$ cat work-v2.pdb   # PDB, C-alpha atoms
ATOM      1  CA  MET A  95      -6.002  -2.066 -25.214
ATOM      2  CA  ARG A  96      -8.083  -1.956 -22.097
ATOM      3  CA  LEU A  97      -9.272   0.922 -19.945
ATOM      4  CA  GLU A  98      -8.584   0.029 -16.347
ATOM      5  CA  LYS A  99      -9.884   1.518 -13.139
ATOM      6  CA  CYS A 100      -7.593   3.150 -10.651
ATOM      7  CA  TRP A 101      -7.580   1.117  -7.465
ATOM      8  CA  PHE A 102      -7.607   4.155  -5.267
ATOM      9  CA  CYS A 103      -9.893   6.713  -6.834
ATOM     10  CA  SER A 104     -11.777   4.523  -9.333
ATOM     11  CA  SER A 105     -11.170   6.804 -12.269
ATOM     12  CA  THR A 106     -10.300   5.312 -15.644
ATOM     13  CA  VAL A 107      -6.656   4.748 -16.450
ATOM     14  CA  TYR A 108      -6.030   5.313 -20.130
ATOM     15  CA  PRO A 109      -3.113   3.614 -21.910
ATOM     16  CA  GLY A 110       0.127   5.386 -21.302
ATOM     17  CA  HIS A 111      -0.825   6.644 -17.878
ATOM     18  CA  GLY A 112      -0.175   5.509 -14.389
ATOM     19  CA  ILE A 113       1.759   2.842 -12.602
ATOM     20  CA  GLN A 114       0.804  -0.701 -11.859
ATOM     21  CA  TYR A 115       2.180  -2.239  -8.715
ATOM     22  CA  VAL A 116       2.372  -6.005  -8.513
ATOM     23  CA  ARG A 117       2.432  -7.425  -5.042
ATOM     24  CA  ASN A 118       4.152 -10.725  -4.298
ATOM     25  CA  ASP A 119       0.819 -12.468  -3.970
ATOM     26  CA  ALA A 120       0.264 -11.517  -7.625
ATOM     27  CA  LYS A 121      -2.415  -8.944  -6.875
ATOM     28  CA  ILE A 122      -2.101  -6.021  -9.267
ATOM     29  CA  PHE A 123      -2.898  -2.493  -8.137
ATOM     30  CA  ARG A 124      -3.327   0.058 -10.878
ATOM     31  CA  PHE A 125      -3.105   3.763 -10.177
ATOM     32  CA  CYS A 126      -4.098   6.575 -12.454
ATOM     33  CA  ARG A 127      -1.530   9.062 -11.188
ATOM     34  CA  SER A 128       1.113   9.493  -8.557
ATOM     35  CA  LYS A 129      -1.370  11.113  -6.172
ATOM     36  CA  CYS A 130      -3.240   7.840  -5.820
ATOM     37  CA  HIS A 131      -0.001   5.870  -5.765
ATOM     38  CA  LYS A 132       1.405   7.977  -2.951
ATOM     39  CA  ASN A 133      -1.783   7.698  -0.951
ATOM     40  CA  PHE A 134      -1.639   3.942  -1.371
ATOM     41  CA  LYS A 135       1.935   3.866  -0.145
ATOM     42  CA  MET A 136       0.840   5.834   2.902
ATOM     43  CA  LYS A 137      -1.552   2.966   3.534
ATOM     44  CA  ARG A 138      -4.618   5.191   3.377
ATOM     45  CA  ASN A 139      -7.955   3.498   3.068
ATOM     46  CA  PRO A 140      -9.742   4.841  -0.021
ATOM     47  CA  ARG A 141     -13.057   4.405   1.773
ATOM     48  CA  LYS A 142     -11.996   7.106   4.194
ATOM     49  CA  VAL A 143     -10.470   9.548   1.743
ATOM     50  CA  LYS A 144     -13.103  12.067   0.811
ATOM     51  CA  TRP A 145     -12.390  12.639  -2.868
ATOM     52  CA  THR A 146     -12.437   9.006  -3.973
ATOM     53  CA  LYS A 147     -15.370   7.283  -5.606
ATOM     54  CA  ALA A 148     -15.233   4.569  -2.952
ATOM     55  CA  TYR A 149     -15.960   7.111  -0.220
ATOM     56  CA  ARG A 150     -18.679   8.814  -2.205
ATOM     57  CA  ARG A 151     -20.462   5.573  -2.983
ATOM     58  CA  LEU A 152     -20.139   4.358   0.565
ATOM     59  CA  HIS A 153     -21.588   7.554   2.010
ATOM     60  CA  GLY A 154     -24.425   7.825  -0.477
ATOM     61  CA  LYS A 155     -23.130  10.887  -2.274
ATOM     62  CA  ASP A 156     -23.091   9.123  -5.650
ATOM     63  CA  MET A 157     -25.340   6.529  -7.251
ATOM     64  CA  THR A 158     -24.491   2.993  -6.269
ATOM     65  CA  GLN A 159     -26.879   0.798  -8.224
ATOM     66  CA  ASP A 160     -27.994   1.565 -11.701
ATOM     67  CA  ALA A 161     -28.675  -0.310 -14.883
ATOM     68  CA  THR A 162     -26.151   1.810 -16.769
ATOM     69  CA  PHE A 163     -23.339   0.320 -14.690
ATOM     70  CA  GLU A 164     -24.012  -3.102 -16.167
ATOM     71  CA  PHE A 165     -22.633  -1.947 -19.498
ATOM     72  CA  GLU A 166     -19.242  -1.256 -18.000
ATOM     73  CA  ARG A 167     -18.722  -4.670 -16.529
ATOM     74  CA  LYS A 168     -15.430  -6.340 -17.303
ATOM     75  CA  ARG A 169     -15.699  -8.867 -20.076
ATOM     76  CA  ASN A 170     -12.909 -11.335 -20.652
ATOM     77  CA  ARG A 171     -14.080 -12.861 -23.891
ATOM     78  CA  PRO A 172     -12.732 -11.007 -26.916
ATOM     79  CA  GLU A 173     -15.344 -10.070 -29.511
ATOM     80  CA  ARG A 174     -14.787 -10.775 -33.158
ATOM     81  CA  TYR A 175     -14.481  -7.521 -35.035
ATOM     82  CA  ASP A 176     -17.679  -6.615 -36.796
ATOM     83  CA  ARG A 177     -18.008  -3.186 -38.277
ATOM     84  CA  ASN A 178     -21.705  -2.826 -37.612
ATOM     85  CA  VAL A 179     -21.366  -3.944 -34.040
ATOM     86  CA  THR A 180     -18.570  -1.452 -33.498
ATOM     87  CA  GLU A 181     -20.613   1.369 -34.966
ATOM     88  CA  ASN A 182     -23.629   0.534 -32.852
ATOM     89  CA  THR A 183     -21.500   0.217 -29.751
ATOM     90  CA  LEU A 184     -19.982   3.624 -30.276
ATOM     91  CA  LYS A 185     -23.396   5.192 -30.646
ATOM     92  CA  ALA A 186     -24.663   3.304 -27.631
ATOM     93  CA  ILE A 187     -21.755   4.476 -25.512
ATOM     94  CA  LYS A 188     -22.682   8.083 -26.160
ATOM     95  CA  LYS A 189     -26.313   7.485 -25.305
ATOM     96  CA  ILE A 190     -25.575   5.479 -22.186
ATOM     97  CA  ASP A 191     -23.228   8.186 -20.965
ATOM     98  CA  LYS A 192     -25.921  10.788 -21.412
ATOM     99  CA  VAL A 193     -28.430   8.669 -19.539
ATOM    100  CA  ARG A 194     -26.005   8.012 -16.742
ATOM    101  CA  VAL A 195     -25.109  11.664 -16.355
ATOM    102  CA  ASP A 196     -28.789  12.591 -16.249
ATOM    103  CA  ARG A 197     -29.468  10.007 -13.589
ATOM    104  CA  GLU A 198     -26.547  11.183 -11.541
ATOM    105  CA  ALA A 199     -27.780  14.760 -11.770
ATOM    106  CA  ARG A 200     -31.164  13.631 -10.585
ATOM    107  CA  HIS A 201     -29.619  11.748  -7.695
ATOM    108  CA  HIS A 202     -27.697  14.860  -6.748
ATOM    109  CA  ALA A 203     -30.810  17.015  -6.952
ATOM    110  CA  ASN A 204     -32.630  14.539  -4.756
ATOM    111  CA  ARG A 205     -29.875  14.686  -2.246
ATOM    112  CA  MET A 206     -29.948  18.493  -2.128
ATOM    113  CA  LYS A 207     -33.729  18.704  -2.055
ATOM    114  CA  GLY A 208     -34.491  20.310   1.288
ATOM    115  CA  LYS A 209     -31.492  22.614   1.194
ATOM    116  CA  LYS A 210     -33.159  25.854   0.114
ATOM    117  CA  VAL A 211     -35.884  25.646   2.715
ATOM    118  CA  GLN A 212     -33.391  24.759   5.398
ATOM    119  CA  LEU A 213     -31.175  27.700   4.514
ATOM    120  CA  ARG A 214     -34.151  30.074   4.646
ATOM    121  CA  ARG A 215     -35.225  28.781   8.001
ATOM    122  CA  GLU A 216     -31.721  29.091   9.399
ATOM    123  CA  ALA A 217     -31.378  32.627   8.080
ATOM    124  CA  ALA A 218     -34.677  33.687   9.648
ATOM    125  CA  LYS A 219     -33.681  32.243  12.987
ATOM    126  CA  GLU A 220     -30.304  33.905  12.887
ATOM    127  CA  LEU A 221     -31.906  37.195  12.043
ATOM    128  CA  GLU A 222     -34.200  37.236  15.033
ATOM    129  CA  GLN A 223     -31.672  35.791  17.426
ATOM    130  CA  SER A 224     -28.593  37.766  16.523
ATOM    131  CA  ILE A 225     -29.994  41.094  15.461
ATOM    132  CA  HIS A 226     -28.463  42.541  18.601
ATOM    133  CA  MET A 227     -25.048  42.048  17.014
ATOM    134  CA  VAL A 228     -26.009  44.458  14.282
ATOM    135  CA  LYS A 229     -28.057  47.052  16.071
ATOM    136  CA  ALA A 230     -28.682  47.494  19.799
ATOM    137  CA  PRO A 231     -32.224  46.487  20.834
ATOM    138  CA  VAL A 232     -32.725  49.791  22.649
ATOM    139  CA  VAL A 233     -32.190  51.659  19.396
ATOM    140  CA  LEU A 234     -34.610  49.323  17.638
ATOM    141  CA  LEU A 235     -37.293  50.088  20.184
ATOM    142  CA  GLN A 236     -36.750  53.834  20.068
ATOM    143  CA  ASP A 237     -36.644  54.292  16.333
ATOM    144  CA  PRO A 238     -39.685  52.603  14.805
ATOM    145  CA  SER A 239     -38.310  52.823  11.268
ATOM    146  CA  LEU A 240     -35.528  50.466  12.195
ATOM    147  CA  THR A 241     -37.833  47.482  12.592
ATOM    148  CA  LEU A 242     -36.884  44.060  11.370
ATOM    149  CA  PRO A 243     -37.502  43.647   7.665
ATOM    150  CA  LYS A 244     -40.433  41.589   6.640
ATOM    151  CA  ILE A 245     -39.354  37.986   6.030
ATOM    152  CA  LYS A 246     -41.325  35.882   3.627
ATOM    153  CA  VAL A 247     -41.682  32.513   5.317
ATOM    154  CA  GLN A 248     -43.594  29.464   4.138
ATOM    155  CA  VAL A 249     -47.188  30.303   4.774
ATOM    156  CA  SER A 250     -48.753  28.003   7.283
ATOM    157  CA  GLN A 251     -51.415  28.829   9.842
ATOM    158  CA  GLN A 252     -49.182  28.079  12.793
ATOM    159  CA  GLN A 253     -46.407  30.381  11.695
ATOM    160  CA  THR A 254     -48.580  33.399  10.954
ATOM    161  CA  GLU A 255     -50.159  33.041  14.395
ATOM    162  CA  ASP A 256     -46.692  32.964  15.950
ATOM    163  CA  ASN A 257     -45.728  36.153  14.145
ATOM    164  CA  ARG A 258     -48.851  37.888  15.349
ATOM    165  CA  MET A 259     -48.109  36.761  18.883
ATOM    166  CA  GLU A 260     -44.568  38.189  18.701
ATOM    167  CA  GLU A 261     -45.698  41.596  17.622
TER
ATOM    168  CA  MET B  36       7.734  -7.184   8.440
ATOM    169  CA  ALA B  37      10.375  -9.085   6.517
ATOM    170  CA  ALA B  38      10.033  -6.692   3.642
ATOM    171  CA  SER B  39      10.552  -3.632   5.825
ATOM    172  CA  ASN B  40      13.552  -5.257   7.545
ATOM    173  CA  SER B  41      15.143  -6.169   4.261
ATOM    174  CA  SER B  42      14.423  -2.734   2.890
ATOM    175  CA  ARG B  43      16.172  -1.188   5.881
ATOM    176  CA  LEU B  44      19.190  -3.407   5.159
ATOM    177  CA  PHE B  45      19.163  -2.330   1.550
ATOM    178  CA  LYS B  46      19.043   1.319   2.520
ATOM    179  CA  ALA B  47      21.979   0.817   4.903
ATOM    180  CA  GLY B  48      23.885  -1.064   2.215
ATOM    181  CA  ARG B  49      23.312   1.705  -0.252
ATOM    182  CA  SER B  50      24.583   4.402   2.085
ATOM    183  CA  ILE B  51      27.763   2.363   2.722
ATOM    184  CA  LEU B  52      28.207   1.938  -0.996
ATOM    185  CA  GLY B  53      27.764   5.647  -1.480
ATOM    186  CA  GLY B  54      30.517   6.339   1.028
ATOM    187  CA  LEU B  55      32.964   3.837  -0.431
ATOM    188  CA  SER B  56      32.714   4.311  -4.136
ATOM    189  CA  ASN B  57      31.816   7.602  -5.686
ATOM    190  CA  ASN B  58      32.848   6.774  -9.219
ATOM    191  CA  SER B  59      31.954   3.099  -9.352
ATOM    192  CA  VAL B  60      29.595   1.399 -11.749
ATOM    193  CA  GLY B  61      26.491   2.694 -10.052
ATOM    194  CA  ALA B  62      27.724   6.254  -9.591
ATOM    195  CA  SER B  63      24.696   8.203 -10.734
ATOM    196  CA  ARG B  64      21.846   6.820  -8.731
ATOM    197  CA  PRO B  65      18.381   8.223  -9.197
ATOM    198  CA  SER B  66      17.758  10.644  -6.360
ATOM    199  CA  TYR B  67      14.653  10.070  -4.351
ATOM    200  CA  ASP B  68      13.415  12.160  -1.493
ATOM    201  CA  MET B  69      14.953  10.857   1.698
ATOM    202  CA  THR B  70      12.525  12.734   3.931
ATOM    203  CA  CYS B  71       9.579  10.620   2.877
ATOM    204  CA  MET B  72      11.274   7.409   3.986
ATOM    205  CA  ASP B  73       9.625   7.437   7.395
ATOM    206  CA  PHE B  74       6.197   6.320   6.327
ATOM    207  CA  VAL B  75       6.947   4.844   2.914
ATOM    208  CA  SER B  76       6.846   1.162   3.645
ATOM    209  CA  GLN B  77       7.857   0.125   0.162
ATOM    210  CA  GLN B  78      11.404  -0.132  -0.965
ATOM    211  CA  GLN B  79      13.247   2.751  -2.487
ATOM    212  CA  ARG B  80      13.602   2.255  -6.164
ATOM    213  CA  ALA B  81      17.118   1.914  -7.541
ATOM    214  CA  PHE B  82      19.044  -0.096 -10.091
ATOM    215  CA  ILE B  83      20.423  -3.505  -9.254
ATOM    216  CA  GLN B  84      24.158  -3.046  -9.064
ATOM    217  CA  MET B  85      27.224  -4.551  -7.453
ATOM    218  CA  ARG B  86      26.560  -5.743  -3.901
ATOM    219  CA  THR B  87      22.800  -5.679  -4.267
ATOM    220  CA  ASN B  88      21.184  -8.475  -2.324
ATOM    221  CA  LEU B  89      18.471 -10.287  -4.153
ATOM    222  CA  LYS B  90      16.015 -12.969  -3.311
ATOM    223  CA  VAL B  91      16.094 -16.219  -5.257
ATOM    224  CA  VAL B  92      12.671 -17.437  -6.288
ATOM    225  CA  ASP B  93      13.359 -20.826  -7.754
ATOM    226  CA  ASN B  94      14.131 -24.178  -6.201
ATOM    227  CA  SER B  95      17.769 -24.298  -7.244
ATOM    228  CA  GLY B  96      18.837 -24.292  -3.594
ATOM    229  CA  ALA B  97      20.044 -20.743  -3.192
ATOM    230  CA  LYS B  98      18.177 -18.356  -0.921
ATOM    231  CA  ARG B  99      20.024 -15.062  -1.174
ATOM    232  CA  VAL B 100      22.383 -13.915  -3.819
ATOM    233  CA  MET B 101      24.579 -10.845  -4.191
ATOM    234  CA  CYS B 102      25.008  -9.196  -7.542
ATOM    235  CA  ILE B 103      28.635  -8.863  -8.576
ATOM    236  CA  GLN B 104      28.139  -7.559 -12.081
ATOM    237  CA  ALA B 105      25.222  -6.194 -14.040
ATOM    238  CA  LEU B 106      25.711  -7.178 -17.686
ATOM    239  CA  LYS B 107      24.259  -4.429 -19.853
ATOM    240  CA  GLY B 108      23.491  -1.075 -18.366
ATOM    241  CA  ARG B 109      25.900   1.511 -17.130
ATOM    242  CA  LYS B 110      23.972   2.278 -13.993
ATOM    243  CA  GLY B 111      22.855  -1.222 -13.199
ATOM    244  CA  ALA B 112      20.422  -3.943 -14.054
ATOM    245  CA  ARG B 113      16.672  -3.564 -14.217
ATOM    246  CA  LEU B 114      13.697  -5.844 -14.638
ATOM    247  CA  GLY B 115      14.452  -8.581 -17.139
ATOM    248  CA  ASP B 116      18.216  -8.092 -17.316
ATOM    249  CA  THR B 117      20.794 -10.756 -16.552
ATOM    250  CA  ILE B 118      23.373 -10.331 -13.857
ATOM    251  CA  ILE B 119      26.265 -12.316 -12.465
ATOM    252  CA  ALA B 120      25.667 -13.156  -8.864
ATOM    253  CA  SER B 121      27.427 -14.883  -6.012
ATOM    254  CA  VAL B 122      25.394 -17.162  -3.775
ATOM    255  CA  LYS B 123      25.454 -15.916  -0.212
ATOM    256  CA  GLU B 124      22.919 -18.194   1.410
ATOM    257  CA  ALA B 125      21.818 -21.616   0.265
ATOM    258  CA  ASN B 126      19.631 -24.494   1.345
ATOM    259  CA  MET B 127      21.231 -27.729   2.415
ATOM    260  CA  GLY B 128      21.410 -30.250  -0.368
ATOM    261  CA  GLY B 129      20.380 -27.954  -3.157
ATOM    262  CA  LYS B 130      21.806 -27.800  -6.647
ATOM    263  CA  VAL B 131      23.917 -24.760  -5.807
ATOM    264  CA  LYS B 132      26.192 -24.196  -2.852
ATOM    265  CA  LYS B 133      27.178 -21.111  -0.982
ATOM    266  CA  GLY B 134      29.964 -19.184  -2.625
ATOM    267  CA  GLU B 135      29.271 -20.258  -6.179
ATOM    268  CA  VAL B 136      29.039 -17.703  -8.956
ATOM    269  CA  HIS B 137      26.138 -17.963 -11.381
ATOM    270  CA  TYR B 138      24.269 -16.014 -13.966
ATOM    271  CA  ALA B 139      20.824 -14.846 -12.920
ATOM    272  CA  VAL B 140      17.915 -13.003 -14.485
ATOM    273  CA  VAL B 141      15.994 -10.365 -12.593
ATOM    274  CA  VAL B 142      12.327 -11.325 -12.465
ATOM    275  CA  ARG B 143      11.068  -8.766  -9.971
ATOM    276  CA  ALA B 144      12.431  -5.330  -9.389
ATOM    277  CA  ALA B 145      11.267  -2.648  -7.006
ATOM    278  CA  MET B 146      12.250  -0.069  -9.592
ATOM    279  CA  GLN B 147       9.538   0.712 -12.093
ATOM    280  CA  ARG B 148      10.088  -0.242 -15.674
ATOM    281  CA  ALA B 149       8.280   1.275 -18.621
ATOM    282  CA  ARG B 150       6.006  -0.886 -20.697
ATOM    283  CA  CYS B 151       5.517  -0.522 -24.435
ATOM    284  CA  ASP B 152       2.078   1.019 -23.937
ATOM    285  CA  GLY B 153       3.545   3.809 -21.810
ATOM    286  CA  SER B 154       2.542   2.619 -18.354
ATOM    287  CA  GLU B 155       4.981   1.438 -15.713
ATOM    288  CA  VAL B 156       5.232  -1.711 -13.633
ATOM    289  CA  GLN B 157       6.845  -2.181 -10.318
ATOM    290  CA  PHE B 158       7.055  -5.112  -7.970
ATOM    291  CA  ASP B 159       7.407  -5.423  -4.254
ATOM    292  CA  ASP B 160      10.973  -6.705  -4.003
ATOM    293  CA  ASN B 161      14.078  -7.614  -5.991
ATOM    294  CA  ALA B 162      14.124 -11.243  -7.043
ATOM    295  CA  VAL B 163      16.157 -13.378  -9.436
ATOM    296  CA  VAL B 164      16.079 -16.780 -11.024
ATOM    297  CA  LEU B 165      19.440 -18.515 -11.427
ATOM    298  CA  ILE B 166      20.290 -19.537 -14.959
ATOM    299  CA  ASN B 167      23.270 -21.091 -16.682
ATOM    300  CA  LYS B 168      25.382 -19.518 -19.363
ATOM    301  CA  GLN B 169      22.952 -20.624 -22.086
ATOM    302  CA  GLY B 170      20.009 -18.965 -20.367
ATOM    303  CA  GLU B 171      18.251 -22.042 -19.084
ATOM    304  CA  PRO B 172      17.066 -21.958 -15.479
ATOM    305  CA  ILE B 173      18.864 -24.216 -13.038
ATOM    306  CA  GLY B 174      15.796 -24.822 -10.891
ATOM    307  CA  THR B 175      12.562 -26.478 -11.923
ATOM    308  CA  ARG B 176      10.035 -24.213 -10.246
ATOM    309  CA  VAL B 177       9.565 -20.488 -10.049
ATOM    310  CA  PHE B 178       7.620 -18.796  -7.258
ATOM    311  CA  GLY B 179       5.663 -15.598  -7.325
ATOM    312  CA  PRO B 180       4.615 -13.387 -10.230
ATOM    313  CA  VAL B 181       6.907 -12.738 -13.202
ATOM    314  CA  PRO B 182       6.627  -9.952 -15.762
ATOM    315  CA  HIS B 183       5.930 -10.114 -19.469
ATOM    316  CA  GLU B 184       9.251  -8.486 -20.162
ATOM    317  CA  LEU B 185      10.927 -11.891 -20.009
ATOM    318  CA  ARG B 186       9.277 -12.890 -23.257
ATOM    319  CA  ARG B 187      11.205 -10.301 -25.187
ATOM    320  CA  LYS B 188      14.405 -11.359 -23.516
ATOM    321  CA  LYS B 189      13.727 -14.935 -24.643
ATOM    322  CA  HIS B 190      13.340 -16.463 -21.184
ATOM    323  CA  ILE B 191      10.353 -18.522 -22.247
ATOM    324  CA  LYS B 192      11.223 -21.409 -19.976
ATOM    325  CA  ILE B 193      10.958 -19.207 -16.901
ATOM    326  CA  LEU B 194       7.604 -17.871 -18.096
ATOM    327  CA  SER B 195       6.311 -21.384 -18.566
ATOM    328  CA  LEU B 196       7.388 -22.379 -15.064
ATOM    329  CA  ALA B 197       5.837 -19.325 -13.430
ATOM    330  CA  GLU B 198       2.599 -19.493 -11.511
ATOM    331  CA  HIS B 199       1.483 -15.928 -12.204
ATOM    332  CA  MET B 200       2.332 -13.574 -14.972
ATOM    333  CA  ALA B 201       2.041  -9.895 -14.242
TER
END
$ encode --input "work-v2.pdb" --output "structure tokens"
Amino acid sequence: MRLEKCWFCSSTVYPGHGIQYVRNDAKIFRFCRSKCHKNFKMKRNPRKVKWTKAYRRLHGKDMTQDATFEFERKRNRPERYDRNVTENTLKAIKKIDKVRVDREARHHANRMKGKKVQLRREAAKELEQSIHMVKAPVVLLQDPSLTLPKIKVQVSQQQTEDNRMEE
Amino acid sequence: MAASNSSRLFKAGRSILGGLSNNSVGASRPSYDMTCMDFVSQQQRAFIQMRTNLKVVDNSGAKRVMCIQALKGRKGARLGDTIIASVKEANMGGKVKKGEVHYAVVVRAAMQRARCDGSEVQFDDNAVVLINKQGEPIGTRVFGPVPHELRRKKHIKILSLAEHMA
């Protein structure tokens, strides 16, 4: 029994699932489900299809190089059955999975690092630029209670000076 | 290119067959969506039945062969089954001549066949190897990949001659 990788989406194909297509040059393409098979028949390039692992690795969305990937390399030499080895391997698989998932989460967090600040900045800009869509500027001037709400921005000398200049 | 041309021929042949014989051997064909044929470059999957053209992948001399009877199987032959075929096209000076009738075993089928572990295999085209009544191949070489299913059907000689085993 061997767990293969789907040629299109790179997910694991468990026994009993999927189709393998053998081309006349003896290259075997394994697919995990008919979605991948149909995309292959449409001649789509997995590197351009957003939901595949190939695309995600190519565009830096997922980890590409890591020591945990070495454990999943294909080995063609069969191992003699040894109960202790099997037990240790099963325990190791669990641990390696945990480590890999943690590293992937960290990679994702790294990728999304500046997002919060960027969103804040964009919101502040939109607020001052497009407030006229919400309330007419004449009304804002007339009624002093309808001033713009105080926005908490990252405190830096430059910015506070700008605010003072605006008012 | 050749594959798409041959697949177009097969599709035409199948539609003619459908018009001629409604209650023939291959009456109930698996229905596949005809609308997706425009961009599906692979062949439509169907059983190998009477009048199916097949490629010959050994060096017996024949090039194309037409199935005249699928032994075993009400709807037609699949991967690993034997058929009776008539040689339609042959090389000059080969062991077989055009018009001869031989037994043949299907080594590649575009229709998927289930494997014992639950997965399915399918090949790119329909191909046969000519054999004699006893099951021994007439040619001495086999080209292209062959499936494991031949082992169960006791075609060990063909497996040993093959260059790739799928």
$ closest_residue --input "work-v2.pdb" --among "A:Cys103, A:Val116, A:Leu97, A:Val233" --to "chain B" --atoms "all atoms listed in the file"
A:Val116
$ resolve_selection --input "work-v2.pdb" --expression "the ChimeraX specification (/A :<6) & /B" --output "ChimeraX atom specification"
/B:75,152-159,179-180
$ atom_distance --input "work-v2.pdb" --atom1 "CA of Arg86 (chain B)" --atom2 "CA of Met200 (chain B)"
27.8 Å
$ residues_around --input "work-v2.pdb" --residues "Tyr138 (chain B)" --least-positions-apart "4" --cutoff "7 Å" --atoms "all atoms listed in the file" --output "ChimeraX atom specification"
/B:117-120,165-168
$ resolve_selection --input "work-v2.pdb" --expression "the PyMOL selection byres ((chain B and resi 184) around 9)" --output "short mmCIF file (atom, residue, chain, number, x, y, z; two decimals) with C-alpha atoms, keeping the file's coordinate frame"
data_model
loop_
_atom_site.label_atom_id
_atom_site.label_comp_id
_atom_site.auth_asym_id
_atom_site.auth_seq_id
_atom_site.Cartn_x
_atom_site.Cartn_y
_atom_site.Cartn_z
CA LEU B 114 13.70 -5.84 -14.64
CA GLY B 115 14.45 -8.58 -17.14
CA VAL B 142 12.33 -11.32 -12.46
CA ARG B 150 6.01 -0.89 -20.70
CA VAL B 181 6.91 -12.74 -13.20
CA PRO B 182 6.63 -9.95 -15.76
CA HIS B 183 5.93 -10.11 -19.47
CA LEU B 185 10.93 -11.89 -20.01
CA ARG B 186 9.28 -12.89 -23.26
CA ARG B 187 11.20 -10.30 -25.19
CA LYS B 188 14.40 -11.36 -23.52
#
$ atom_distance --input "work-v2.pdb" --atom1 "CA of Thr146 (chain A)" --atom2 "CA of Arg127 (chain A)"
13.1 Å
$ closest_residue --input "work-v2.pdb" --among "A:Lys129, A:His202, A:Arg138, A:Lys185" --to "Met157 (chain A)" --atoms "all atoms listed in the file"
A:His202
$ resolve_selection --input "work-v2.pdb" --expression "the PyMOL selection byres ((chain B and resi 106) around 12)" --output "list in words"
Val60, Ile83, Gln84, Met85, Cys102, Ile103, Gln104, Ala105, Lys107, Gly108, Arg109, Lys110, Gly111, Ala112, Arg113, Gly115, Asp116, Thr117, Ile118, Ile119, Ala120, Tyr138, Ala139, Val140 and Val141 of chain B
$ atom_distance --input "work-v2.pdb" --atom1 "CA of Met101 (chain B)" --atom2 "CA of Thr87 (chain B)"
5.5 Å
$ decode --input "work-v2.pdb" --residues "region 173-177 of chain A" --atoms "all heavy atoms" --output "mmCIF file, in the first residue's frame"
data_model
loop_
_atom_site.group_PDB
_atom_site.id
_atom_site.type_symbol
_atom_site.label_atom_id
_atom_site.label_comp_id
_atom_site.auth_asym_id
_atom_site.auth_seq_id
_atom_site.Cartn_x
_atom_site.Cartn_y
_atom_site.Cartn_z
ATOM 1 N N GLU A 173 11.215 -1.726 3.772
ATOM 2 C CA GLU A 173 11.846 -1.939 5.073
ATOM 3 C C GLU A 173 11.374 -3.265 5.636
ATOM 4 O O GLU A 173 10.216 -3.627 5.504
ATOM 5 C CB GLU A 173 11.413 -0.826 6.038
ATOM 6 C CG GLU A 173 11.861 0.547 5.602
ATOM 7 C CD GLU A 173 13.236 0.870 6.147
ATOM 8 O OE1 GLU A 173 13.586 0.315 7.206
ATOM 9 O OE2 GLU A 173 13.928 1.642 5.521
ATOM 10 N N ARG A 174 12.280 -3.953 6.282
ATOM 11 C CA ARG A 174 11.869 -5.191 6.953
ATOM 12 C C ARG A 174 11.001 -4.809 8.138
ATOM 13 O O ARG A 174 11.256 -3.835 8.833
ATOM 14 C CB ARG A 174 13.125 -5.906 7.444
ATOM 15 C CG ARG A 174 12.874 -7.310 7.898
ATOM 16 C CD ARG A 174 14.176 -7.921 8.351
ATOM 17 N NE ARG A 174 15.070 -8.110 7.227
ATOM 18 C CZ ARG A 174 15.182 -9.262 6.590
ATOM 19 N NH1 ARG A 174 14.456 -10.290 6.945
ATOM 20 N NH2 ARG A 174 16.002 -9.380 5.580
ATOM 21 N N TYR A 175 9.969 -5.589 8.370
ATOM 22 C CA TYR A 175 9.038 -5.225 9.441
ATOM 23 C C TYR A 175 9.707 -5.432 10.801
ATOM 24 O O TYR A 175 10.200 -6.495 11.120
ATOM 25 C CB TYR A 175 7.767 -6.073 9.364
ATOM 26 C CG TYR A 175 6.837 -5.773 10.505
ATOM 27 C CD1 TYR A 175 6.103 -4.592 10.527
ATOM 28 C CD2 TYR A 175 6.712 -6.653 11.577
ATOM 29 C CE1 TYR A 175 5.270 -4.303 11.577
ATOM 30 C CE2 TYR A 175 5.876 -6.362 12.622
ATOM 31 C CZ TYR A 175 5.149 -5.182 12.628
ATOM 32 O OH TYR A 175 4.322 -4.898 13.671
ATOM 33 N N ASP A 176 9.677 -4.351 11.567
ATOM 34 C CA ASP A 176 10.225 -4.435 12.922
ATOM 35 C C ASP A 176 9.238 -3.699 13.803
ATOM 36 O O ASP A 176 8.929 -2.527 13.564
ATOM 37 C CB ASP A 176 11.607 -3.773 12.963
ATOM 38 C CG ASP A 176 12.232 -3.903 14.325
ATOM 39 O OD1 ASP A 176 11.704 -4.692 15.152
ATOM 40 O OD2 ASP A 176 13.236 -3.216 14.581
ATOM 41 N N ARG A 177 8.770 -4.351 14.814
ATOM 42 C CA ARG A 177 7.672 -3.773 15.588
ATOM 43 C C ARG A 177 8.057 -2.471 16.251
ATOM 44 O O ARG A 177 7.290 -1.511 16.268
ATOM 45 C CB ARG A 177 7.249 -4.790 16.638
ATOM 46 C CG ARG A 177 6.030 -4.321 17.332
ATOM 47 C CD ARG A 177 5.542 -5.301 18.314
ATOM 48 N NE ARG A 177 4.482 -4.683 19.086
ATOM 49 C CZ ARG A 177 3.776 -5.322 19.960
ATOM 50 N NH1 ARG A 177 4.036 -6.609 20.151
ATOM 51 N NH2 ARG A 177 2.842 -4.722 20.636
#
